[in-house]
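Chemist: Quick one, my_file_32.cif (mmCIF, C-alpha atoms and all ligand atoms):
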data_structure
loop_
_atom_site.group_PDB
_atom_site.id
_atom_site.type_symbol
_atom_site.label_atom_id
_atom_site.label_comp_id
_atom_site.auth_asym_id
_atom_site.auth_seq_id
_atom_site.Cartn_x
_atom_site.Cartn_y
_atom_site.Cartn_z
ATOM 1 C CA MET A 24 -37.930 15.933 -49.513
ATOM 2 C CA VAL A 25 -38.627 13.543 -46.686
ATOM 3 C CA CYS A 26 -42.259 12.497 -46.916
ATOM 4 C CA GLU A 27 -44.743 12.102 -44.066
ATOM 5 C CA GLU A 28 -44.740 8.344 -44.530
ATOM 6 C CA LYS A 29 -41.012 8.125 -43.807
ATOM 7 C CA MET A 30 -41.436 10.279 -40.696
ATOM 8 C CA GLU A 31 -44.137 7.910 -39.459
ATOM 9 C CA VAL A 32 -41.946 4.875 -40.086
ATOM 10 C CA ILE A 33 -39.099 6.493 -38.145
ATOM 11 C CA LYS A 34 -41.491 7.232 -35.274
ATOM 12 C CA SER A 35 -42.799 3.650 -35.312
ATOM 13 C CA ILE A 36 -39.248 2.262 -34.930
ATOM 14 C CA GLU A 37 -38.647 4.173 -31.696
ATOM 15 C CA PRO A 38 -39.623 1.233 -29.439
ATOM 16 C CA PHE A 39 -36.941 -0.897 -31.151
ATOM 17 C CA VAL A 40 -34.358 1.821 -30.587
ATOM 18 C CA GLU A 41 -35.448 1.891 -26.946
ATOM 19 C CA LYS A 42 -35.151 -1.905 -26.775
ATOM 20 C CA PHE A 43 -31.638 -1.871 -28.222
ATOM 21 C CA ILE A 44 -30.551 0.816 -25.767
ATOM 22 C CA SER A 45 -31.913 -1.008 -22.734
ATOM 23 C CA GLU A 46 -30.677 -4.450 -23.771
ATOM 24 C CA ARG A 47 -27.304 -3.684 -25.326
ATOM 25 C CA MET A 48 -25.919 -0.332 -24.207
ATOM 26 C CA LYS A 49 -24.031 -0.174 -20.928
ATOM 27 C CA ASP A 50 -24.313 2.468 -18.256
ATOM 28 C CA PRO A 51 -21.244 4.783 -18.259
ATOM 29 C CA GLU A 52 -20.373 3.424 -14.791
ATOM 30 C CA GLU A 53 -19.863 -0.025 -16.316
ATOM 31 C CA CYS A 54 -18.007 1.040 -19.469
ATOM 32 C CA TRP A 55 -14.242 0.910 -19.911
ATOM 33 C CA GLN A 56 -12.499 4.264 -19.934
ATOM 34 C CA PRO A 57 -9.284 5.317 -21.714
ATOM 35 C CA ALA A 58 -7.532 5.683 -18.345
ATOM 36 C CA ASP A 59 -8.020 1.946 -17.715
ATOM 37 C CA PHE A 60 -5.507 1.252 -20.499
ATOM 38 C CA LEU A 61 -2.969 4.029 -20.084
ATOM 39 C CA PRO A 62 -0.085 4.688 -17.696
ATOM 40 C CA ASP A 63 -1.005 6.898 -14.722
ATOM 41 C CA PHE A 64 1.300 9.890 -14.164
ATOM 42 C CA ALA A 65 0.872 9.455 -10.398
ATOM 43 C CA ASP A 66 2.332 5.916 -10.393
ATOM 44 C CA PRO A 67 5.889 5.651 -9.053
ATOM 45 C CA ASP A 68 6.802 3.405 -11.997
ATOM 46 C CA PHE A 69 5.248 5.749 -14.542
ATOM 47 C CA ALA A 70 8.513 6.249 -16.441
ATOM 48 C CA ASP A 71 9.001 2.469 -16.816
ATOM 49 C CA LYS A 72 5.485 2.112 -18.167
ATOM 50 C CA ILE A 73 6.058 4.814 -20.770
ATOM 51 C CA GLN A 74 9.324 3.207 -21.737
ATOM 52 C CA PHE A 75 7.543 -0.115 -22.153
ATOM 53 C CA LEU A 76 4.810 1.514 -24.262
ATOM 54 C CA GLN A 77 7.377 3.206 -26.509
ATOM 55 C CA ALA A 78 9.391 0.000 -26.856
ATOM 56 C CA SER A 79 6.244 -1.921 -27.888
ATOM 57 C CA ILE A 80 5.321 0.539 -30.620
ATOM 58 C CA ALA A 81 8.916 0.900 -31.870
ATOM 59 C CA ASN A 82 8.538 -1.765 -34.563
ATOM 60 C CA VAL A 83 5.114 -0.710 -35.801
ATOM 61 C CA PRO A 84 5.762 0.547 -39.367
ATOM 62 C CA ASP A 85 5.307 4.242 -40.119
ATOM 63 C CA SER A 86 2.578 3.436 -42.648
ATOM 64 C CA VAL A 87 0.520 1.648 -39.968
ATOM 65 C CA LEU A 88 1.005 4.601 -37.670
ATOM 66 C CA VAL A 89 -0.225 7.076 -40.309
ATOM 67 C CA SER A 90 -3.282 4.934 -40.842
ATOM 68 C CA LEU A 91 -3.885 4.786 -37.087
ATOM 69 C CA VAL A 92 -3.569 8.567 -36.796
ATOM 70 C CA GLY A 93 -6.138 8.974 -39.580
ATOM 71 C CA ASN A 94 -8.502 6.621 -37.755
ATOM 72 C CA MET A 95 -8.042 8.611 -34.573
ATOM 73 C CA ILE A 96 -8.701 11.938 -36.324
ATOM 74 C CA THR A 97 -11.894 10.431 -37.740
ATOM 75 C CA GLU A 98 -13.036 9.411 -34.242
ATOM 76 C CA GLU A 99 -12.236 12.869 -32.864
ATOM 77 C CA ALA A 100 -14.696 14.593 -35.207
ATOM 78 C CA LEU A 101 -17.640 13.213 -33.253
ATOM 79 C CA PRO A 102 -19.291 16.600 -32.596
ATOM 80 C CA SER A 103 -20.090 16.547 -36.313
ATOM 81 C CA TYR A 104 -21.521 13.015 -36.143
ATOM 82 C CA GLN A 105 -23.886 13.816 -33.296
ATOM 83 C CA THR A 106 -25.013 16.958 -35.109
ATOM 84 C CA PHE A 107 -25.449 15.030 -38.371
ATOM 85 C CA PHE A 108 -27.623 12.409 -36.714
ATOM 86 C CA ASN A 109 -29.837 14.898 -34.876
ATOM 87 C CA LEU A 110 -30.394 16.798 -38.124
ATOM 88 C CA LEU A 111 -31.925 13.744 -39.816
ATOM 89 C CA LYS A 112 -35.658 14.365 -40.215
ATOM 90 C CA GLY A 113 -37.756 12.676 -37.555
ATOM 91 C CA VAL A 114 -34.847 11.954 -35.223
ATOM 92 C CA ASN A 115 -35.115 14.991 -32.973
ATOM 93 C CA GLU A 116 -38.241 16.970 -33.849
ATOM 94 C CA GLU A 117 -38.127 18.633 -30.403
ATOM 95 C CA ARG A 118 -34.843 20.291 -31.394
ATOM 96 C CA ASN A 119 -33.515 19.467 -27.941
ATOM 97 C CA VAL A 120 -30.065 17.956 -27.414
ATOM 98 C CA ALA A 121 -31.214 16.609 -24.018
ATOM 99 C CA SER A 122 -34.353 15.074 -25.560
ATOM 100 C CA LYS A 123 -35.647 11.910 -23.887
ATOM 101 C CA GLY A 124 -36.770 10.576 -27.289
ATOM 102 C CA ALA A 125 -35.217 7.215 -28.163
ATOM 103 C CA TRP A 126 -33.495 8.360 -31.373
ATOM 104 C CA ALA A 127 -31.925 11.422 -29.755
ATOM 105 C CA ARG A 128 -30.832 9.348 -26.757
ATOM 106 C CA TRP A 129 -29.321 6.770 -29.093
ATOM 107 C CA SER A 130 -27.333 9.526 -30.858
ATOM 108 C CA ARG A 131 -25.835 10.585 -27.525
ATOM 109 C CA LEU A 132 -25.027 7.079 -26.314
ATOM 110 C CA TRP A 133 -23.411 6.271 -29.635
ATOM 111 C CA THR A 134 -21.247 9.396 -29.798
ATOM 112 C CA ALA A 135 -20.292 9.129 -26.116
ATOM 113 C CA GLU A 136 -18.691 5.808 -27.093
ATOM 114 C CA GLU A 137 -16.968 7.336 -30.111
ATOM 115 C CA ASN A 138 -15.571 9.972 -27.758
ATOM 116 C CA ARG A 139 -13.749 7.307 -25.755
ATOM 117 C CA HIS A 140 -12.290 5.826 -28.935
ATOM 118 C CA GLY A 141 -10.810 9.166 -29.952
ATOM 119 C CA ASP A 142 -9.519 9.851 -26.428
ATOM 120 C CA LEU A 143 -7.820 6.494 -26.036
ATOM 121 C CA LEU A 144 -6.092 6.539 -29.432
ATOM 122 C CA ASN A 145 -5.124 10.192 -29.086
ATOM 123 C CA LYS A 146 -3.475 9.678 -25.686
ATOM 124 C CA TYR A 147 -1.783 6.493 -26.787
ATOM 125 C CA LEU A 148 -0.319 8.179 -29.876
ATOM 126 C CA TYR A 149 0.791 11.168 -27.800
ATOM 127 C CA LEU A 150 2.625 8.876 -25.367
ATOM 128 C CA SER A 151 4.207 6.899 -28.235
ATOM 129 C CA GLY A 152 6.463 9.875 -29.001
ATOM 130 C CA ARG A 153 6.384 9.077 -32.711
ATOM 131 C CA VAL A 154 3.677 11.458 -33.828
ATOM 132 C CA ASP A 155 3.831 15.173 -34.629
ATOM 133 C CA MET A 156 0.925 16.013 -32.338
ATOM 134 C CA ASN A 157 0.641 19.633 -33.443
ATOM 135 C CA SER A 158 0.007 18.675 -37.072
ATOM 136 C CA VAL A 159 -2.446 15.984 -35.959
ATOM 137 C CA GLU A 160 -4.314 18.410 -33.712
ATOM 138 C CA LYS A 161 -4.497 20.900 -36.585
ATOM 139 C CA SER A 162 -6.052 18.231 -38.808
ATOM 140 C CA ILE A 163 -8.639 17.499 -36.112
ATOM 141 C CA GLN A 164 -9.480 21.168 -35.748
ATOM 142 C CA HIS A 165 -9.756 21.677 -39.504
ATOM 143 C CA LEU A 166 -12.003 18.642 -39.783
ATOM 144 C CA ILE A 167 -14.362 19.849 -37.058
ATOM 145 C CA HIS A 168 -14.309 23.350 -38.579
ATOM 146 C CA ASN A 169 -15.318 21.914 -41.944
ATOM 147 C CA GLY A 170 -17.954 19.463 -40.682
ATOM 148 C CA VAL A 171 -19.080 16.341 -42.488
ATOM 149 C CA GLU A 172 -20.903 16.011 -45.794
ATOM 150 C CA LEU A 173 -22.225 12.467 -45.857
ATOM 151 C CA GLN A 174 -24.619 13.148 -48.753
ATOM 152 C CA THR A 175 -27.648 11.951 -46.842
ATOM 153 C CA ASP A 176 -29.750 15.106 -47.421
ATOM 154 C CA ALA A 177 -31.148 14.869 -43.870
ATOM 155 C CA ASP A 178 -33.159 11.822 -44.979
ATOM 156 C CA PRO A 179 -33.275 9.341 -42.056
ATOM 157 C CA TYR A 180 -33.330 6.301 -44.369
ATOM 158 C CA HIS A 181 -30.201 7.577 -46.125
ATOM 159 C CA GLY A 182 -28.637 8.285 -42.735
ATOM 160 C CA LEU A 183 -29.240 4.743 -41.493
ATOM 161 C CA ILE A 184 -27.859 3.183 -44.689
ATOM 162 C CA TYR A 185 -24.791 5.380 -44.317
ATOM 163 C CA THR A 186 -24.189 4.528 -40.657
ATOM 164 C CA SER A 187 -24.793 0.781 -41.189
ATOM 165 C CA PHE A 188 -22.128 0.822 -43.881
ATOM 166 C CA GLN A 189 -19.718 3.133 -42.118
ATOM 167 C CA GLU A 190 -19.770 1.398 -38.732
ATOM 168 C CA ARG A 191 -18.907 -1.893 -40.441
ATOM 169 C CA ALA A 192 -16.126 -0.123 -42.362
ATOM 170 C CA THR A 193 -14.785 1.357 -39.120
ATOM 171 C CA LYS A 194 -14.884 -2.043 -37.436
ATOM 172 C CA ILE A 195 -12.899 -3.587 -40.318
ATOM 173 C CA THR A 196 -10.386 -0.736 -40.119
ATOM 174 C CA HIS A 197 -9.725 -1.199 -36.389
ATOM 175 C CA VAL A 198 -9.598 -5.005 -36.654
ATOM 176 C CA ASN A 199 -7.027 -4.847 -39.459
ATOM 177 C CA THR A 200 -4.957 -2.213 -37.650
ATOM 178 C CA GLY A 201 -4.966 -4.461 -34.573
ATOM 179 C CA LYS A 202 -3.681 -7.383 -36.657
ATOM 180 C CA LEU A 203 -0.828 -5.289 -38.071
ATOM 181 C CA ALA A 204 0.062 -4.006 -34.597
ATOM 182 C CA TYR A 205 0.147 -7.579 -33.275
ATOM 183 C CA LYS A 206 2.347 -8.652 -36.179
ATOM 184 C CA SER A 207 4.784 -5.859 -35.331
ATOM 185 C CA GLY A 208 4.962 -6.919 -31.701
ATOM 186 C CA ASP A 209 2.731 -4.265 -30.151
ATOM 187 C CA ASN A 210 0.257 -6.389 -28.217
ATOM 188 C CA PHE A 211 -0.926 -3.395 -26.253
ATOM 189 C CA LEU A 212 -1.975 -1.490 -29.391
ATOM 190 C CA ALA A 213 -3.512 -4.670 -30.775
ATOM 191 C CA LYS A 214 -5.634 -4.925 -27.632
ATOM 192 C CA ILE A 215 -6.766 -1.287 -27.817
ATOM 193 C CA CYS A 216 -7.771 -1.714 -31.480
ATOM 194 C CA ASN A 217 -9.752 -4.845 -30.661
ATOM 195 C CA VAL A 218 -11.585 -3.231 -27.765
ATOM 196 C CA ILE A 219 -12.591 -0.325 -30.004
ATOM 197 C CA ALA A 220 -13.524 -2.673 -32.857
ATOM 198 C CA GLY A 221 -15.858 -4.488 -30.428
ATOM 199 C CA GLU A 222 -17.839 -1.305 -29.916
ATOM 200 C CA GLU A 223 -17.890 -0.541 -33.637
ATOM 201 C CA ALA A 224 -19.385 -4.004 -34.070
ATOM 202 C CA LEU A 225 -22.120 -3.071 -31.612
ATOM 203 C CA HIS A 226 -22.839 0.188 -33.469
ATOM 204 C CA GLU A 227 -23.000 -1.727 -36.732
ATOM 205 C CA LYS A 228 -25.435 -4.174 -35.154
ATOM 206 C CA ALA A 229 -27.641 -1.314 -33.967
ATOM 207 C CA TYR A 230 -27.800 0.491 -37.288
ATOM 208 C CA LYS A 231 -28.417 -2.682 -39.289
ATOM 209 C CA TYR A 232 -31.201 -3.610 -36.854
ATOM 210 C CA PHE A 233 -32.857 -0.167 -37.148
ATOM 211 C CA MET A 234 -32.554 -0.187 -40.942
ATOM 212 C CA GLY A 235 -33.888 -3.764 -40.993
ATOM 213 C CA LYS A 236 -37.053 -2.463 -39.313
ATOM 214 C CA ILE A 237 -37.417 0.073 -42.135
ATOM 215 C CA PHE A 238 -37.188 -2.711 -44.725
ATOM 216 C CA GLU A 239 -39.969 -4.527 -42.819
ATOM 217 C CA SER A 240 -42.333 -1.529 -42.749
ATOM 218 C CA ASP A 241 -41.423 0.229 -45.975
ATOM 219 C CA PRO A 242 -39.456 -2.080 -48.314
ATOM 220 C CA ASN A 243 -39.842 0.178 -51.349
ATOM 221 C CA GLY A 244 -38.650 3.269 -49.501
ATOM 222 C CA GLY A 245 -35.788 1.320 -47.934
ATOM 223 C CA LEU A 246 -34.662 -0.060 -51.293
ATOM 224 C CA THR A 247 -34.749 3.339 -52.968
ATOM 225 C CA ALA A 248 -32.668 4.782 -50.127
ATOM 226 C CA PHE A 249 -30.159 1.917 -50.373
ATOM 227 C CA VAL A 250 -29.740 2.446 -54.126
ATOM 228 C CA THR A 251 -29.511 6.224 -53.753
ATOM 229 C CA MET A 252 -26.695 5.942 -51.198
ATOM 230 C CA MET A 253 -24.847 3.313 -53.238
ATOM 231 C CA LYS A 254 -24.994 5.529 -56.327
ATOM 232 C CA LYS A 255 -23.692 8.495 -54.349
ATOM 233 C CA LYS A 256 -21.019 6.214 -52.816
ATOM 234 C CA ILE A 257 -20.173 6.004 -49.149
ATOM 235 C CA ILE A 258 -17.458 8.524 -48.419
ATOM 236 C CA MET A 259 -15.321 8.336 -45.323
ATOM 237 C CA PRO A 260 -16.407 10.882 -42.724
ATOM 238 C CA ALA A 261 -12.964 12.558 -42.469
ATOM 239 C CA ASN A 262 -12.788 13.614 -46.121
ATOM 240 C CA LEU A 263 -13.025 17.345 -45.410
ATOM 241 C CA MET A 264 -9.946 17.533 -43.171
ATOM 242 C CA ASP A 265 -7.849 19.412 -45.739
ATOM 243 C CA VAL A 266 -10.380 22.004 -46.884
ATOM 244 C CA GLY A 267 -8.871 25.422 -46.162
ATOM 245 C CA THR A 268 -5.306 24.052 -46.113
ATOM 246 C CA GLU A 269 -2.617 23.179 -48.643
ATOM 247 C CA ASN A 270 -2.405 19.638 -47.276
ATOM 248 C CA LYS A 271 -3.229 16.379 -48.981
ATOM 249 C CA ASN A 272 -3.496 14.486 -45.719
ATOM 250 C CA TYR A 273 -6.796 12.804 -46.485
ATOM 251 C CA LEU A 274 -5.563 11.501 -49.846
ATOM 252 C CA ASN A 275 -2.330 10.206 -48.289
ATOM 253 C CA TYR A 276 -4.252 8.622 -45.418
ATOM 254 C CA THR A 277 -6.742 6.791 -47.635
ATOM 255 C CA ASN A 278 -4.002 5.691 -50.053
ATOM 256 C CA ILE A 279 -1.967 4.298 -47.166
ATOM 257 C CA THR A 280 -4.909 2.413 -45.649
ATOM 258 C CA GLN A 281 -5.565 0.905 -49.090
ATOM 259 C CA LYS A 282 -1.887 0.065 -49.607
ATOM 260 C CA ILE A 283 -1.352 -1.692 -46.275
ATOM 261 C CA GLY A 284 -4.711 -3.462 -46.424
ATOM 262 C CA VAL A 285 -6.385 -1.704 -43.483
ATOM 263 C CA TYR A 286 -9.389 -0.651 -45.569
ATOM 264 C CA THR A 287 -9.514 -1.460 -49.265
ATOM 265 C CA SER A 288 -11.795 -1.451 -52.305
ATOM 266 C CA HIS A 289 -12.319 -5.162 -51.656
ATOM 267 C CA ASP A 290 -13.665 -4.274 -48.204
ATOM 268 C CA TYR A 291 -16.037 -1.783 -49.829
ATOM 269 C CA ALA A 292 -17.388 -4.532 -52.091
ATOM 270 C CA SER A 293 -17.635 -7.015 -49.209
ATOM 271 C CA ILE A 294 -19.653 -4.568 -47.098
ATOM 272 C CA ILE A 295 -22.195 -4.150 -49.907
ATOM 273 C CA ASP A 296 -22.419 -7.929 -50.219
ATOM 274 C CA HIS A 297 -22.890 -8.310 -46.466
ATOM 275 C CA LEU A 298 -25.628 -5.660 -46.207
ATOM 276 C CA VAL A 299 -27.540 -7.011 -49.206
ATOM 277 C CA LYS A 300 -27.524 -10.474 -47.618
ATOM 278 C CA PHE A 301 -28.159 -9.273 -44.066
ATOM 279 C CA TRP A 302 -31.306 -7.361 -45.031
ATOM 280 C CA GLY A 303 -32.452 -10.198 -47.318
ATOM 281 C CA ILE A 304 -32.787 -7.751 -50.200
ATOM 282 C CA ASP A 305 -33.539 -10.498 -52.733
ATOM 283 C CA LYS A 306 -36.397 -11.819 -50.563
ATOM 284 C CA LEU A 307 -38.311 -8.552 -50.129
ATOM 285 C CA ILE A 308 -41.821 -8.792 -51.493
ATOM 286 C CA GLY A 309 -44.724 -6.462 -52.256
ATOM 287 C CA LEU A 310 -42.521 -4.220 -54.365
ATOM 288 C CA THR A 311 -43.438 -1.494 -56.824
ATOM 289 C CA GLY A 312 -41.781 -1.243 -60.251
ATOM 290 C CA GLU A 313 -39.127 1.017 -58.754
ATOM 291 C CA GLY A 314 -38.626 -1.404 -55.857
ATOM 292 C CA ASN A 315 -38.097 -4.299 -58.264
ATOM 293 C CA LYS A 316 -35.576 -2.289 -60.235
ATOM 294 C CA ALA A 317 -33.719 -1.411 -57.045
ATOM 295 C CA GLN A 318 -33.691 -5.068 -55.998
ATOM 296 C CA ASP A 319 -32.119 -6.049 -59.355
ATOM 297 C CA TYR A 320 -29.551 -3.280 -59.150
ATOM 298 C CA LEU A 321 -28.483 -4.296 -55.650
ATOM 299 C CA SER A 322 -28.316 -8.027 -56.425
ATOM 300 C CA THR A 323 -25.237 -7.640 -58.657
ATOM 301 C CA LEU A 324 -23.691 -4.527 -57.136
ATOM 302 C CA SER A 325 -21.054 -6.162 -54.931
ATOM 303 C CA ASP A 326 -19.835 -8.303 -57.857
ATOM 304 C CA ARG A 327 -19.341 -5.187 -59.918
ATOM 305 C CA TYR A 328 -17.339 -3.563 -57.115
ATOM 306 C CA THR A 329 -15.255 -6.723 -56.655
ATOM 307 C CA LYS A 330 -14.349 -6.707 -60.354
ATOM 308 C CA LEU A 331 -13.496 -3.024 -60.128
ATOM 309 C CA ALA A 332 -11.321 -3.659 -57.049
ATOM 310 C CA GLU A 333 -9.457 -6.434 -58.886
ATOM 311 C CA ARG A 334 -8.648 -4.104 -61.772
ATOM 312 C CA MET A 335 -7.588 -1.214 -59.539
ATOM 313 C CA GLN A 336 -3.903 -0.254 -59.378
ATOM 314 C CA ALA A 337 -2.313 0.106 -55.948
ATOM 315 C CA PRO A 338 -2.117 3.805 -55.074
ATOM 316 C CA THR A 339 1.308 5.322 -55.638
ATOM 317 C CA GLU A 340 1.000 8.594 -53.740
ATOM 318 C CA ALA A 341 1.343 7.724 -50.066
ATOM 319 C CA GLU A 342 3.395 10.295 -48.221
ATOM 320 C CA LEU A 343 4.063 9.563 -44.556
ATOM 321 C CA ILE A 344 2.325 12.474 -42.896
ATOM 322 C CA TRP A 345 1.698 13.395 -39.225
ATOM 323 C CA LEU A 346 4.861 11.649 -38.027
ATOM 324 C CA LYS A 347 8.011 12.955 -36.344
HETATM 325 FE FE FE A 401 -15.424 4.715 -33.030
HETATM 326 FE FE FE A 402 -18.688 3.605 -34.199
#
For the file at hand, write its structure as structure tokens.
Ligand SMILES: [Fe+2]
Ligand SMILES: [Fe+2]
Modeler:
Amino acid sequence: MVCEEKMEVIKSIEPFVEKFISERMKDPEECWQPADFLPDFADPDFADKIQFLQASIANVPDSVLVSLVGNMITEEALPSYQTFFNLLKGVNEERNVASKGAWARWSRLWTAEENRHGDLLNKYLYLSGRVDMNSVEKSIQHLIHNGVELQTDADPYHGLIYTSFQERATKITHVNTGKLAYKSGDNFLAKICNVIAGEEALHEKAYKYFMGKIFESDPNGGLTAFVTMMKKKIIMPANLMDVGTENKNYLNYTNITQKIGVYTSHDYASIIDHLVKFWGIDKLIGLTGEGNKAQDYLSTLSDRYTKLAERMQAPTEAELIWLK
């Protein structure tokens, strides 16, 4: 149950959401678009450009490509993310997708950016000629069919903890993919990954800022939500892509990202550490008994995850899926 107090806190943060939108989010006319990066079929030297693109990606290892495809599929499921956000209590009480309310507007601006990420990576991978697009498109369709279960129970505090964590995780994923692409000689892919990572960094900033406002107004509620989400564990948003199929694509994808160092258990631990420090969890005052307990729990949590990550075996099952 989401209590009245939480709803009021969410309402009171609206001016900060408005401020972030007006200060940090660009008008679509000023944003980059996927077409800015990709060869234009109408150009006379189109064929040369495609050849160049395919030559650049030629030395990118299959494992990196699988990981990139998985990242792209995740981006493509954005209808589910916009729905998820608007279903959080207090975010869109009008039940209007065109609502002028700050939270609802934020959800649209955010997912309109995610849309460009999916488009750019999808087109790039299509042009690379190395991906079995039909199997990739099926995974996208299955994922959107199945939706997302982020375990937030429509609680806006839970939702903001989740998105703060996940946007940082996504940023790390794109940054690391960019590094591997650069190492394999694909500067073009490296650039795309970095451009996308820059926007993930902005999303992370937004969600941490909004959640920070919750810690200011309702530290006990914020702490309880943080602990609840940490106990449930942050699952990647594409985890339902295989439901209704015989595939193990999600498992292979996550094992490969772990194996090649794109997103690992160490990253999971480092994100917890970062969020605990960023929100100054150990400095929160005026806490109830439950708040104090939550503070203690969170103060050692990243260390526990680091130890766990050190003991973890590298995943063995990592089939190269989605490729030609
Ligand atoms: Fe994205
Ligand atoms: Fe994002």
Chemist: Quick one: apply the PyMOL selection byres (((chain A and resi 131) around 12) and not hetatm) to the file and drop the selected residues here as a ChimeraX atom specification.
Modeler: /A:44,48,51,101-102,104-109,114-115,119-130,132-138
Chemist: Show which residues sit within 10 Å of Phe211 of chain A, as a list in words. Count all atoms listed in the file, and ignore same-chain residues fewer than 3 positions away.
Modeler: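 Once the adjacent positions are removed, what remains is Phe60, Leu61, Phe75, Leu76, Ser79, Ile80, Tyr147, Gly201, Ala204, Tyr205, Gly208, Lys214, Ile215, Cys216 and Asn217 of chain A.
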Chemist: Per residue of chain A within 6 Å of ligand FE 402 (chain A), note the shortest atom pair and the distance in Å to one decimal, counting all atoms listed in the file, and order the rows by chain and increasing residue number, as a tab-separated table.
Modeler:
residue	atom	partner	partner_atom	distance
A:Glu137	CA	A:FE402	FE	5.8
A:Glu190	CA	A:FE402	FE	5.2
A:Glu223	CA	A:FE402	FE	4.3
A:His226	CA	A:FE402	FE	5.4
Chemist: Evaluate the PyMOL selection byres (((chain A and resi 283) around 10) and not hetatm) on the structure here and hand back the selected residues as a PyMOL selection string.
Modeler: chain A and resi 86-87+90+199-200+203+278-282+284-287+337
Chemist: So what does the PyMOL selection byres (((chain A and resi 238) around 12) and not hetatm) actually pick up in this one, as an mmCIF file with C-alpha atoms, keeping the file's coordinate frame?
Modeler:
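File produced: result_30.cif:
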data_model
loop_
_atom_site.group_PDB
_atom_site.id
_atom_site.type_symbol
_atom_site.label_atom_id
_atom_site.label_comp_id
_atom_site.auth_asym_id
_atom_site.auth_seq_id
_atom_site.Cartn_x
_atom_site.Cartn_y
_atom_site.Cartn_z
ATOM 1 C CA LYS A 29 -41.012 8.125 -43.807
ATOM 2 C CA VAL A 32 -41.946 4.875 -40.086
ATOM 3 C CA ILE A 33 -39.099 6.493 -38.145
ATOM 4 C CA ILE A 36 -39.248 2.262 -34.930
ATOM 5 C CA TYR A 180 -33.330 6.301 -44.369
ATOM 6 C CA LEU A 183 -29.240 4.743 -41.493
ATOM 7 C CA ILE A 184 -27.859 3.183 -44.689
ATOM 8 C CA LYS A 231 -28.417 -2.682 -39.289
ATOM 9 C CA TYR A 232 -31.201 -3.610 -36.854
ATOM 10 C CA PHE A 233 -32.857 -0.167 -37.148
ATOM 11 C CA MET A 234 -32.554 -0.187 -40.942
ATOM 12 C CA GLY A 235 -33.888 -3.764 -40.993
ATOM 13 C CA LYS A 236 -37.053 -2.463 -39.313
ATOM 14 C CA ILE A 237 -37.417 0.073 -42.135
ATOM 15 C CA GLU A 239 -39.969 -4.527 -42.819
ATOM 16 C CA SER A 240 -42.333 -1.529 -42.749
ATOM 17 C CA ASP A 241 -41.423 0.229 -45.975
ATOM 18 C CA PRO A 242 -39.456 -2.080 -48.314
ATOM 19 C CA ASN A 243 -39.842 0.178 -51.349
ATOM 20 C CA GLY A 244 -38.650 3.269 -49.501
ATOM 21 C CA GLY A 245 -35.788 1.320 -47.934
ATOM 22 C CA LEU A 246 -34.662 -0.060 -51.293
ATOM 23 C CA THR A 247 -34.749 3.339 -52.968
ATOM 24 C CA ALA A 248 -32.668 4.782 -50.127
ATOM 25 C CA PHE A 249 -30.159 1.917 -50.373
ATOM 26 C CA VAL A 299 -27.540 -7.011 -49.206
ATOM 27 C CA PHE A 301 -28.159 -9.273 -44.066
ATOM 28 C CA TRP A 302 -31.306 -7.361 -45.031
ATOM 29 C CA GLY A 303 -32.452 -10.198 -47.318
ATOM 30 C CA ILE A 304 -32.787 -7.751 -50.200
ATOM 31 C CA ASP A 305 -33.539 -10.498 -52.733
ATOM 32 C CA LYS A 306 -36.397 -11.819 -50.563
ATOM 33 C CA LEU A 307 -38.311 -8.552 -50.129
ATOM 34 C CA ILE A 308 -41.821 -8.792 -51.493
ATOM 35 C CA GLY A 309 -44.724 -6.462 -52.256
ATOM 36 C CA LEU A 310 -42.521 -4.220 -54.365
ATOM 37 C CA GLY A 314 -38.626 -1.404 -55.857
#
Chemist: Just checking: using only C-alpha atoms and all ligand atoms, which residue out of A:Glu160, A:Ala229, A:His181, A:Ala100 ends up closest to ligand FE 401 (chain A)?
Modeler: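 Looking only at the distances to ligand FE 401 (chain A), the closest residue turns out to be A:Ala100.
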Chemist: Pull segment 306-313 of chain A out of the block and emit N, CA and C atoms, as a PDB file, in the first residue's frame.
Modeler:
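Written out: selection-v2.pdb:
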ATOM      1  N   LYS A 306      24.461   9.892   6.880  1.00  0.00           N
ATOM      2  CA  LYS A 306      24.316  11.191   7.558  1.00  0.00           C
ATOM      3  C   LYS A 306      22.856  11.561   7.827  1.00  0.00           C
ATOM      4  N   LEU A 307      21.931  10.710   7.378  1.00  0.00           N
ATOM      5  CA  LEU A 307      20.507  11.052   7.572  1.00  0.00           C
ATOM      6  C   LEU A 307      20.183  11.055   9.067  1.00  0.00           C
ATOM      7  N   ILE A 308      19.414  12.073   9.454  1.00  0.00           N
ATOM      8  CA  ILE A 308      19.076  12.170  10.880  1.00  0.00           C
ATOM      9  C   ILE A 308      17.554  12.208  11.070  1.00  0.00           C
ATOM     10  N   GLY A 309      17.147  12.167  12.329  1.00  0.00           N
ATOM     11  CA  GLY A 309      15.712  12.183  12.646  1.00  0.00           C
ATOM     12  C   GLY A 309      15.049  10.868  12.285  1.00  0.00           C
ATOM     13  N   LEU A 310      15.788   9.767  12.518  1.00  0.00           N
ATOM     14  CA  LEU A 310      15.269   8.467  12.079  1.00  0.00           C
ATOM     15  C   LEU A 310      14.509   7.727  13.172  1.00  0.00           C
ATOM     16  N   THR A 311      13.555   6.914  12.736  1.00  0.00           N
ATOM     17  CA  THR A 311      12.845   6.019  13.647  1.00  0.00           C
ATOM     18  C   THR A 311      13.727   4.786  13.872  1.00  0.00           C
ATOM     19  N   GLY A 312      13.250   3.864  14.701  1.00  0.00           N
ATOM     20  CA  GLY A 312      13.982   2.611  14.927  1.00  0.00           C
ATOM     21  C   GLY A 312      14.207   1.875  13.606  1.00  0.00           C
ATOM     22  N   GLU A 313      13.148   1.836  12.794  1.00  0.00           N
ATOM     23  CA  GLU A 313      13.248   1.132  11.511  1.00  0.00           C
ATOM     24  C   GLU A 313      14.242   1.843  10.586  1.00  0.00           C
TER      25      GLU A 313
END
